[in-house]
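Down below is the structure, laid out as structure tokens.
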Amino acid sequence: MISKDALIKRFVSYVKIDTQSDPDSEETPSTKKQWILANQLAEELKQIGMQDVDIDDNAYIMATLPANIAHEVPVIGFISHFDTSPDFSGTDVNPQIIKNYDGKDIVLNKELDIVLSPDYFEDLLQYKGQTLITTDGTTLLGADDKAGITEIISAMEYLINNPQIPHGKIRVGFTPDEEIGRGAHKFDVEKFGAKWAYTMDGSQVGELEFENFNAASAKIYIKGKMVHPGYAKDKMINSMYIAQDFINSLPRLETPEHTEGRQGFFHLSDIHGDVEETKLEYIIRDHDKDHFEARKEMIQNLTSEINSQHEREVIKIEIKDQYSNMREMVEPVMHIVDIAEEAMKALNIIPIIKPIRGGTDGAQLSYMGLPCPNIFAGGHNFHGRYEYVPVESIQKAVAVIVKIAEITSEKYKKR
């Protein structure tokens, strides 16, 4: 398998390039800086020997590893995204390499007193004795999803250098803007030409997911009326107080910090305003379709109720669906999940099959005709200063990709 040093070198070269996406941009990619890594990846795919390497006008990258067997095998794909989250700084990422992790606190930044501690992040203890890549405490790391890109390219390189491993035709795809919900919007499924694919975009070793949130965004615009405070009796309408009523009227315990598993939530992601106008931004999530629709209806009903308490309309809302639970599209072809599970077991990796508390490109791609379960990429604590990834987890993900290709080839040889 590819050495740890080679994987570290590749991964670090990616995360040092700032690729944050921008939800307020209408362009694709949403930030020009994503082109820097996109072009680098396209060149790297050519250098390792991939064929049909293509990068389109929107920075979507596709490439082919031709089959090395005579019998017919369905074309499969592996997909990751190269943008990073706008939730936390991705500028001047300075990775730290922690070899032979001792299970104790990791000082990310002594000056700022930023510590990555197993007392708070218990998952760290799983990786005692391993090599960790962390942040320096001032940025995110970008393992979401540059670890996935590292794994896919490394697996393709390994297959190219080891032609004795049988595999059918494999397509790889790298996308921009996944972190702002647009990663699949301009993905050409027909051009990709795979029967099914896997996103390498999960977290800890063993994760295998084919169920995700139904997702929507909600923007709430609240109009007030400013009057001099000294003469405001029965005249002033303070939009911030109405916003407070709106927030407090939603179920307080149905928020991200109080939910887990398949439990849905309302998440207030942004608020700003003054007396005249306040804007709230929510994301709405639920695995159950009926519960998801009920959450959207609750916001609509709450808006109507508050408006009815005033002489004029004080609240307007915009609700937009973002993506749907892929389970409906994957269950009819569950053999693609079974292959991934078999690959993990063959490598002595215990599969962790659970719903994603989030979304991946695969959710949208599954509804676009490309069933696309999600596999672990190895990172933890995404979108923040405490993000880290064990190098051994990256190695295992590379091995899973190779094994999936091999098992798929063998299964269709018997038919």
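Identifiers in the structure tokens: chain A, B, ... in order shown; residue index from 1 per chain; ligand index from 1 in order shown.
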Polymer residues at most 7 Å from region 372-388 of chain A, only C-alpha atoms, same-chain spacing of 3 or more positions, as number ranges by chain: A: 85, 87-88, 116, 132-135, 137-141, 143-144, 147-148, 196-210, 337, 362, 365-366, 393-394, 397
Take the selection from the previous step and output its residues with C-alpha atoms, as an mmCIF file, in the first residue's frame.
```cif
data_model
loop_
_atom_site.group_PDB
_atom_site.id
_atom_site.type_symbol
_atom_site.label_atom_id
_atom_site.label_comp_id
_atom_site.auth_asym_id
_atom_site.auth_seq_id
_atom_site.Cartn_x
_atom_site.Cartn_y
_atom_site.Cartn_z
ATOM 1 C CA SER A 85 -16.536 25.038 4.468
ATOM 2 C CA ASP A 87 -17.993 28.189 8.451
ATOM 3 C CA PHE A 88 -14.363 28.702 9.526
ATOM 4 C CA LEU A 116 -7.301 19.355 21.252
ATOM 5 C CA LEU A 132 -2.423 12.469 13.357
ATOM 6 C CA ILE A 133 -2.619 15.543 11.158
ATOM 7 C CA THR A 134 -4.154 18.503 12.997
ATOM 8 C CA THR A 135 -4.599 22.238 12.525
ATOM 9 C CA GLY A 137 -5.741 26.085 15.996
ATOM 10 C CA THR A 138 -6.399 29.093 13.767
ATOM 11 C CA THR A 139 -8.057 27.458 10.728
ATOM 12 C CA LEU A 140 -9.961 24.369 9.736
ATOM 13 C CA LEU A 141 -7.860 21.538 8.283
ATOM 14 C CA ALA A 143 -9.839 16.858 5.589
ATOM 15 C CA ASP A 144 -13.448 17.416 4.537
ATOM 16 C CA ALA A 147 -8.742 13.449 2.606
ATOM 17 C CA GLY A 148 -11.238 11.910 0.173
ATOM 18 C CA TRP A 196 -23.039 3.665 -9.503
ATOM 19 C CA ALA A 197 -20.466 5.551 -7.426
ATOM 20 C CA TYR A 198 -19.220 6.167 -3.899
ATOM 21 C CA THR A 199 -18.473 9.505 -2.293
ATOM 22 C CA MET A 200 -15.427 9.385 -0.018
ATOM 23 C CA ASP A 201 -16.767 11.998 2.380
ATOM 24 C CA GLY A 202 -17.535 10.316 5.692
ATOM 25 C CA SER A 203 -15.758 10.560 9.027
ATOM 26 C CA GLN A 204 -14.324 7.760 11.163
ATOM 27 C CA VAL A 205 -13.036 4.451 9.852
ATOM 28 C CA GLY A 206 -15.839 2.056 8.933
ATOM 29 C CA GLU A 207 -18.570 4.568 8.215
ATOM 30 C CA LEU A 208 -20.805 3.442 5.361
ATOM 31 C CA GLU A 209 -23.873 5.557 4.758
ATOM 32 C CA PHE A 210 -26.775 5.447 2.350
ATOM 33 C CA VAL A 337 -23.735 -1.038 -0.333
ATOM 34 C CA GLY A 362 -24.150 11.596 -3.292
ATOM 35 C CA LEU A 365 -26.436 12.495 -7.437
ATOM 36 C CA SER A 366 -28.585 9.565 -6.338
ATOM 37 C CA SER A 393 -7.411 6.095 8.377
ATOM 38 C CA ILE A 394 -6.455 7.563 5.007
ATOM 39 C CA ALA A 397 -9.780 4.285 2.899
#
```
All residues 10 Å or closer to Thr64 (chain A), only C-alpha atoms, same chain fewer than 3 positions away omitted, as a PyMOL selection string: chain A and resi 45+49-54+67+75+77+156+169-173+192
Preceding selection exported with N, CA and C atoms as a PDB file, in the first residue's frame:
```
ATOM      1  N   LEU A  45      -3.752  13.985 -11.970  1.00  0.00           N
ATOM      2  CA  LEU A  45      -4.400  12.797 -12.538  1.00  0.00           C
ATOM      3  C   LEU A  45      -3.704  12.359 -13.824  1.00  0.00           C
ATOM      4  N   GLY A  49      -1.143   8.746 -14.639  1.00  0.00           N
ATOM      5  CA  GLY A  49      -1.493   7.841 -15.719  1.00  0.00           C
ATOM      6  C   GLY A  49      -2.974   7.653 -15.971  1.00  0.00           C
ATOM      7  N   MET A  50      -3.812   8.490 -15.370  1.00  0.00           N
ATOM      8  CA  MET A  50      -5.247   8.410 -15.652  1.00  0.00           C
ATOM      9  C   MET A  50      -5.521   8.894 -17.069  1.00  0.00           C
ATOM     10  N   GLN A  51      -6.606   8.419 -17.645  1.00  0.00           N
ATOM     11  CA  GLN A  51      -6.965   8.790 -19.014  1.00  0.00           C
ATOM     12  C   GLN A  51      -8.250   9.629 -19.019  1.00  0.00           C
ATOM     13  N   ASP A  52      -8.509  10.252 -20.167  1.00  0.00           N
ATOM     14  CA  ASP A  52      -9.718  11.076 -20.357  1.00  0.00           C
ATOM     15  C   ASP A  52      -9.860  12.135 -19.268  1.00  0.00           C
ATOM     16  N   VAL A  53      -8.750  12.701 -18.829  1.00  0.00           N
ATOM     17  CA  VAL A  53      -8.807  13.716 -17.778  1.00  0.00           C
ATOM     18  C   VAL A  53      -9.428  14.984 -18.357  1.00  0.00           C
ATOM     19  N   ASP A  54     -10.471  15.456 -17.678  1.00  0.00           N
ATOM     20  CA  ASP A  54     -11.218  16.603 -18.197  1.00  0.00           C
ATOM     21  C   ASP A  54     -11.601  17.522 -17.046  1.00  0.00           C
ATOM     22  N   ALA A  67     -10.409  -0.445 -17.723  1.00  0.00           N
ATOM     23  CA  ALA A  67     -10.454  -1.803 -17.194  1.00  0.00           C
ATOM     24  C   ALA A  67      -9.190  -2.562 -17.598  1.00  0.00           C
ATOM     25  N   VAL A  75     -19.355   0.034 -14.949  1.00  0.00           N
ATOM     26  CA  VAL A  75     -18.469   1.153 -14.634  1.00  0.00           C
ATOM     27  C   VAL A  75     -18.862   1.696 -13.263  1.00  0.00           C
ATOM     28  N   GLY A  77     -17.737   4.500  -9.931  1.00  0.00           N
ATOM     29  CA  GLY A  77     -17.076   5.786  -9.749  1.00  0.00           C
ATOM     30  C   GLY A  77     -16.762   6.077  -8.296  1.00  0.00           C
ATOM     31  N   MET A 156      -6.107   5.160  -7.191  1.00  0.00           N
ATOM     32  CA  MET A 156      -5.934   5.011  -8.644  1.00  0.00           C
ATOM     33  C   MET A 156      -4.455   4.791  -8.981  1.00  0.00           C
ATOM     34  N   LYS A 169     -13.677  -0.723 -15.517  1.00  0.00           N
ATOM     35  CA  LYS A 169     -13.470   0.698 -15.774  1.00  0.00           C
ATOM     36  C   LYS A 169     -13.921   1.504 -14.560  1.00  0.00           C
ATOM     37  N   ILE A 170     -13.075   2.434 -14.151  1.00  0.00           N
ATOM     38  CA  ILE A 170     -13.364   3.264 -12.985  1.00  0.00           C
ATOM     39  C   ILE A 170     -13.337   4.726 -13.399  1.00  0.00           C
ATOM     40  N   ARG A 171     -14.347   5.452 -12.962  1.00  0.00           N
ATOM     41  CA  ARG A 171     -14.392   6.893 -13.200  1.00  0.00           C
ATOM     42  C   ARG A 171     -14.217   7.617 -11.868  1.00  0.00           C
ATOM     43  N   VAL A 172     -13.463   8.707 -11.875  1.00  0.00           N
ATOM     44  CA  VAL A 172     -13.330   9.524 -10.678  1.00  0.00           C
ATOM     45  C   VAL A 172     -13.836  10.930 -10.987  1.00  0.00           C
ATOM     46  N   GLY A 173     -14.405  11.568  -9.975  1.00  0.00           N
ATOM     47  CA  GLY A 173     -14.930  12.919 -10.153  1.00  0.00           C
ATOM     48  C   GLY A 173     -14.668  13.772  -8.925  1.00  0.00           C
ATOM     49  N   PHE A 192     -20.320  11.351 -16.936  1.00  0.00           N
ATOM     50  CA  PHE A 192     -19.556  10.542 -15.987  1.00  0.00           C
ATOM     51  C   PHE A 192     -19.643   9.068 -16.368  1.00  0.00           C
TER      52      PHE A 192
END
```
Please report, as a JSON list (two decimals) with C-alpha atoms, in the first residue's frame, each residue of region 84-316 of chain A to which DSSP assigns helix (DSSP H, G or I) when run on this structure's backbone.
```
[["chain", "number", "residue", "atom", "x", "y", "z"],
["A", 122, "GLU", "CA", -13.18, 11.13, 23.09],
["A", 123, "ASP", "CA", -12.69, 9.73, 19.56],
["A", 124, "LEU", "CA", -9.03, 10.75, 19.81],
["A", 125, "LEU", "CA", -8.39, 7.77, 22.07],
["A", 126, "GLN", "CA", -9.16, 5.41, 19.18],
["A", 127, "TYR", "CA", -5.97, 6.61, 17.50],
["A", 143, "ALA", "CA", -9.84, 16.86, 5.59],
["A", 144, "ASP", "CA", -13.45, 17.42, 4.54],
["A", 145, "ASP", "CA", -12.93, 16.49, 1.78],
["A", 146, "LYS", "CA", -9.30, 16.72, 0.76],
["A", 147, "ALA", "CA", -8.74, 13.45, 2.61],
["A", 148, "GLY", "CA", -11.24, 11.91, 0.17],
["A", 149, "ILE", "CA", -9.39, 13.34, -2.82],
["A", 150, "THR", "CA", -6.08, 12.06, -1.42],
["A", 151, "GLU", "CA", -7.60, 8.60, -1.06],
["A", 152, "ILE", "CA", -9.10, 8.43, -4.53],
["A", 153, "ILE", "CA", -5.99, 9.63, -6.36],
["A", 154, "SER", "CA", -3.75, 7.38, -4.24],
["A", 155, "ALA", "CA", -5.98, 4.37, -4.89],
["A", 156, "MET", "CA", -5.93, 5.01, -8.64],
["A", 157, "GLU", "CA", -2.15, 5.37, -8.54],
["A", 158, "TYR", "CA", -1.89, 2.09, -6.64],
["A", 159, "LEU", "CA", -4.08, 0.25, -9.18],
["A", 160, "ILE", "CA", -2.06, 1.68, -12.06],
["A", 161, "ASN", "CA", 1.19, 0.54, -10.42],
["A", 178, "GLU", "CA", -20.29, 20.85, -2.03],
["A", 179, "GLU", "CA", -20.09, 22.68, 1.28],
["A", 180, "ILE", "CA", -22.71, 25.19, 0.14],
["A", 189, "VAL", "CA", -24.07, 12.27, -14.72],
["A", 190, "GLU", "CA", -24.41, 11.12, -18.32],
["A", 191, "LYS", "CA", -20.88, 12.24, -19.13],
["A", 192, "PHE", "CA", -19.56, 10.54, -15.99],
["A", 229, "PRO", "CA", -37.64, 56.12, 21.64],
["A", 230, "GLY", "CA", -38.93, 59.07, 23.60],
["A", 231, "TYR", "CA", -42.16, 59.13, 21.58],
["A", 239, "SER", "CA", -38.10, 43.78, 14.64],
["A", 240, "MET", "CA", -35.55, 42.26, 17.03],
["A", 241, "TYR", "CA", -38.24, 41.53, 19.61],
["A", 242, "ILE", "CA", -40.36, 39.84, 16.96],
["A", 243, "ALA", "CA", -37.30, 37.83, 15.96],
["A", 244, "GLN", "CA", -36.87, 36.81, 19.58],
["A", 245, "ASP", "CA", -40.48, 35.63, 19.73],
["A", 246, "PHE", "CA", -40.01, 33.67, 16.51],
["A", 247, "ILE", "CA", -36.87, 31.96, 17.77],
["A", 248, "ASN", "CA", -38.38, 31.11, 21.15],
["A", 249, "SER", "CA", -41.54, 29.68, 19.54],
["A", 256, "PRO", "CA", -28.23, 20.41, 16.66],
["A", 257, "GLU", "CA", -26.75, 20.50, 20.15],
["A", 258, "HIS", "CA", -29.68, 18.48, 21.55],
["A", 289, "LYS", "CA", -39.77, 12.85, 4.91],
["A", 290, "ASP", "CA", -43.06, 13.47, 6.73],
["A", 291, "HIS", "CA", -41.31, 15.03, 9.71],
["A", 292, "PHE", "CA", -39.28, 17.18, 7.33],
["A", 293, "GLU", "CA", -42.42, 18.50, 5.66],
["A", 294, "ALA", "CA", -43.96, 19.11, 9.09],
["A", 295, "ARG", "CA", -40.94, 21.21, 10.10],
["A", 296, "LYS", "CA", -41.33, 23.45, 7.07],
["A", 297, "GLU", "CA", -45.05, 23.74, 7.77],
["A", 298, "MET", "CA", -44.32, 24.70, 11.39],
["A", 299, "ILE", "CA", -42.24, 27.66, 10.23],
["A", 300, "GLN", "CA", -44.94, 28.73, 7.80],
["A", 301, "ASN", "CA", -47.66, 28.46, 10.46],
["A", 302, "LEU", "CA", -45.56, 30.38, 12.97],
["A", 303, "THR", "CA", -45.07, 33.15, 10.42],
["A", 304, "SER", "CA", -48.82, 33.37, 9.84],
["A", 305, "GLU", "CA", -49.53, 33.39, 13.55],
["A", 306, "ILE", "CA", -47.11, 36.25, 14.29],
["A", 307, "ASN", "CA", -48.35, 38.24, 11.29],
["A", 308, "SER", "CA", -51.91, 37.88, 12.57]]
```
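Proximity ranking of A:Asp136, A:Glu313, A:Glu277, A:Glu260 relative to Ile114 (chain A) places A:Asp136 first, based on only C-alpha atoms.
Near Trp35 (chain A), within 12 Å and counting only C-alpha atoms, sit A:Ile17, A:Asp18, A:Thr19, A:Gln20, A:Ser21, A:Thr28, A:Pro29, A:Ser30, A:Gln40, A:Leu41, A:Ala42, A:Ile55, A:Asp56, A:Asp57, A:Asn58, A:Ala59, A:Tyr60, A:Ile61, A:Phe82, A:Asp83, A:Phe174, A:Thr175, A:Pro176, A:Asp177, not including residues fewer than 5 positions from it in the same chain.
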Test item, strand (DSSP E) assignment across region 117-211 of chain A, answer as a ChimeraX atom specification: /A:132-134,170-175,196-202,207-209
Take the selection from the previous step and output its residues with N, CA, C and O atoms, as an mmCIF file, in the first residue's frame.
```
data_model
loop_
_atom_site.group_PDB
_atom_site.id
_atom_site.type_symbol
_atom_site.label_atom_id
_atom_site.label_comp_id
_atom_site.auth_asym_id
_atom_site.auth_seq_id
_atom_site.Cartn_x
_atom_site.Cartn_y
_atom_site.Cartn_z
ATOM 1 N N LEU A 132 -1.310 11.559 13.560
ATOM 2 C CA LEU A 132 -2.423 12.469 13.357
ATOM 3 C C LEU A 132 -1.958 13.716 12.619
ATOM 4 O O LEU A 132 -0.838 14.195 12.824
ATOM 5 N N ILE A 133 -2.836 14.236 11.765
ATOM 6 C CA ILE A 133 -2.619 15.543 11.158
ATOM 7 C C ILE A 133 -3.682 16.475 11.730
ATOM 8 O O ILE A 133 -4.881 16.203 11.629
ATOM 9 N N THR A 134 -3.243 17.561 12.353
ATOM 10 C CA THR A 134 -4.154 18.503 12.997
ATOM 11 C C THR A 134 -3.966 19.899 12.403
ATOM 12 O O THR A 134 -3.091 20.131 11.576
ATOM 13 N N ILE A 170 -13.075 2.434 -14.151
ATOM 14 C CA ILE A 170 -13.364 3.264 -12.985
ATOM 15 C C ILE A 170 -13.337 4.726 -13.399
ATOM 16 O O ILE A 170 -12.426 5.171 -14.098
ATOM 17 N N ARG A 171 -14.347 5.452 -12.962
ATOM 18 C CA ARG A 171 -14.392 6.893 -13.200
ATOM 19 C C ARG A 171 -14.217 7.617 -11.868
ATOM 20 O O ARG A 171 -14.742 7.188 -10.828
ATOM 21 N N VAL A 172 -13.463 8.707 -11.875
ATOM 22 C CA VAL A 172 -13.330 9.524 -10.678
ATOM 23 C C VAL A 172 -13.836 10.930 -10.987
ATOM 24 O O VAL A 172 -13.727 11.409 -12.128
ATOM 25 N N GLY A 173 -14.405 11.568 -9.975
ATOM 26 C CA GLY A 173 -14.930 12.919 -10.153
ATOM 27 C C GLY A 173 -14.668 13.772 -8.925
ATOM 28 O O GLY A 173 -14.827 13.306 -7.792
ATOM 29 N N PHE A 174 -14.237 15.006 -9.155
ATOM 30 C CA PHE A 174 -14.007 15.957 -8.072
ATOM 31 C C PHE A 174 -14.842 17.208 -8.341
ATOM 32 O O PHE A 174 -14.847 17.730 -9.463
ATOM 33 N N THR A 175 -15.529 17.680 -7.301
ATOM 34 C CA THR A 175 -16.500 18.753 -7.478
ATOM 35 C C THR A 175 -16.190 19.976 -6.619
ATOM 36 O O THR A 175 -15.617 19.859 -5.528
ATOM 37 N N TRP A 196 -22.888 3.154 -10.859
ATOM 38 C CA TRP A 196 -23.039 3.665 -9.503
ATOM 39 C C TRP A 196 -21.699 4.243 -9.060
ATOM 40 O O TRP A 196 -20.674 4.064 -9.736
ATOM 41 N N ALA A 197 -21.702 4.933 -7.912
ATOM 42 C CA ALA A 197 -20.466 5.551 -7.426
ATOM 43 C C ALA A 197 -20.491 5.590 -5.909
ATOM 44 O O ALA A 197 -21.501 5.269 -5.264
ATOM 45 N N TYR A 198 -19.348 5.981 -5.348
ATOM 46 C CA TYR A 198 -19.220 6.167 -3.899
ATOM 47 C C TYR A 198 -18.577 7.526 -3.647
ATOM 48 O O TYR A 198 -17.561 7.864 -4.265
ATOM 49 N N THR A 199 -19.171 8.309 -2.760
ATOM 50 C CA THR A 199 -18.473 9.505 -2.293
ATOM 51 C C THR A 199 -17.578 9.101 -1.129
ATOM 52 O O THR A 199 -17.998 8.352 -0.242
ATOM 53 N N MET A 200 -16.357 9.603 -1.132
ATOM 54 C CA MET A 200 -15.427 9.385 -0.018
ATOM 55 C C MET A 200 -15.480 10.657 0.830
ATOM 56 O O MET A 200 -14.657 11.548 0.701
ATOM 57 N N ASP A 201 -16.493 10.725 1.700
ATOM 58 C CA ASP A 201 -16.767 11.998 2.380
ATOM 59 C C ASP A 201 -17.306 11.780 3.786
ATOM 60 O O ASP A 201 -17.919 12.663 4.362
ATOM 61 N N GLY A 202 -17.081 10.582 4.341
ATOM 62 C CA GLY A 202 -17.535 10.316 5.692
ATOM 63 C C GLY A 202 -16.463 10.647 6.715
ATOM 64 O O GLY A 202 -15.432 11.231 6.398
ATOM 65 N N GLU A 207 -17.290 3.967 8.566
ATOM 66 C CA GLU A 207 -18.570 4.568 8.215
ATOM 67 C C GLU A 207 -18.971 4.218 6.787
ATOM 68 O O GLU A 207 -18.177 4.321 5.846
ATOM 69 N N LEU A 208 -20.223 3.781 6.656
ATOM 70 C CA LEU A 208 -20.805 3.442 5.361
ATOM 71 C C LEU A 208 -22.259 3.895 5.420
ATOM 72 O O LEU A 208 -23.044 3.381 6.212
ATOM 73 N N GLU A 209 -22.596 4.862 4.595
ATOM 74 C CA GLU A 209 -23.873 5.557 4.758
ATOM 75 C C GLU A 209 -24.637 5.616 3.437
ATOM 76 O O GLU A 209 -24.062 5.934 2.393
#
```
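With only C-alpha atoms taken into account, the protein and nucleic acid residues at most 7 Å from Asp22 (chain A) (excluding it and anything under 3 positions from it in its own chain) are Ser25, Ser30, Thr31 and Pro86 of chain A.
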For those residues, write N, CA, C and O atoms to a file as a PDB file, in the first residue's frame.
```pdb
ATOM      1  N   SER A  25     -22.170  33.796  -3.433  1.00  0.00           N
ATOM      2  CA  SER A  25     -21.762  33.934  -4.833  1.00  0.00           C
ATOM      3  C   SER A  25     -22.700  33.144  -5.734  1.00  0.00           C
ATOM      4  O   SER A  25     -23.167  32.061  -5.376  1.00  0.00           O
ATOM      5  N   SER A  30     -17.888  28.898  -6.734  1.00  0.00           N
ATOM      6  CA  SER A  30     -18.332  30.126  -6.068  1.00  0.00           C
ATOM      7  C   SER A  30     -17.179  31.045  -5.691  1.00  0.00           C
ATOM      8  O   SER A  30     -17.407  32.211  -5.390  1.00  0.00           O
ATOM      9  N   THR A  31     -15.954  30.513  -5.684  1.00  0.00           N
ATOM     10  CA  THR A  31     -14.764  31.326  -5.429  1.00  0.00           C
ATOM     11  C   THR A  31     -13.712  30.976  -6.469  1.00  0.00           C
ATOM     12  O   THR A  31     -13.515  29.802  -6.797  1.00  0.00           O
ATOM     13  N   PRO A  86     -17.301  27.360   4.423  1.00  0.00           N
ATOM     14  CA  PRO A  86     -17.211  28.781   4.763  1.00  0.00           C
ATOM     15  C   PRO A  86     -17.435  29.048   6.250  1.00  0.00           C
ATOM     16  O   PRO A  86     -17.367  30.199   6.689  1.00  0.00           O
TER      17      PRO A  86
END
```
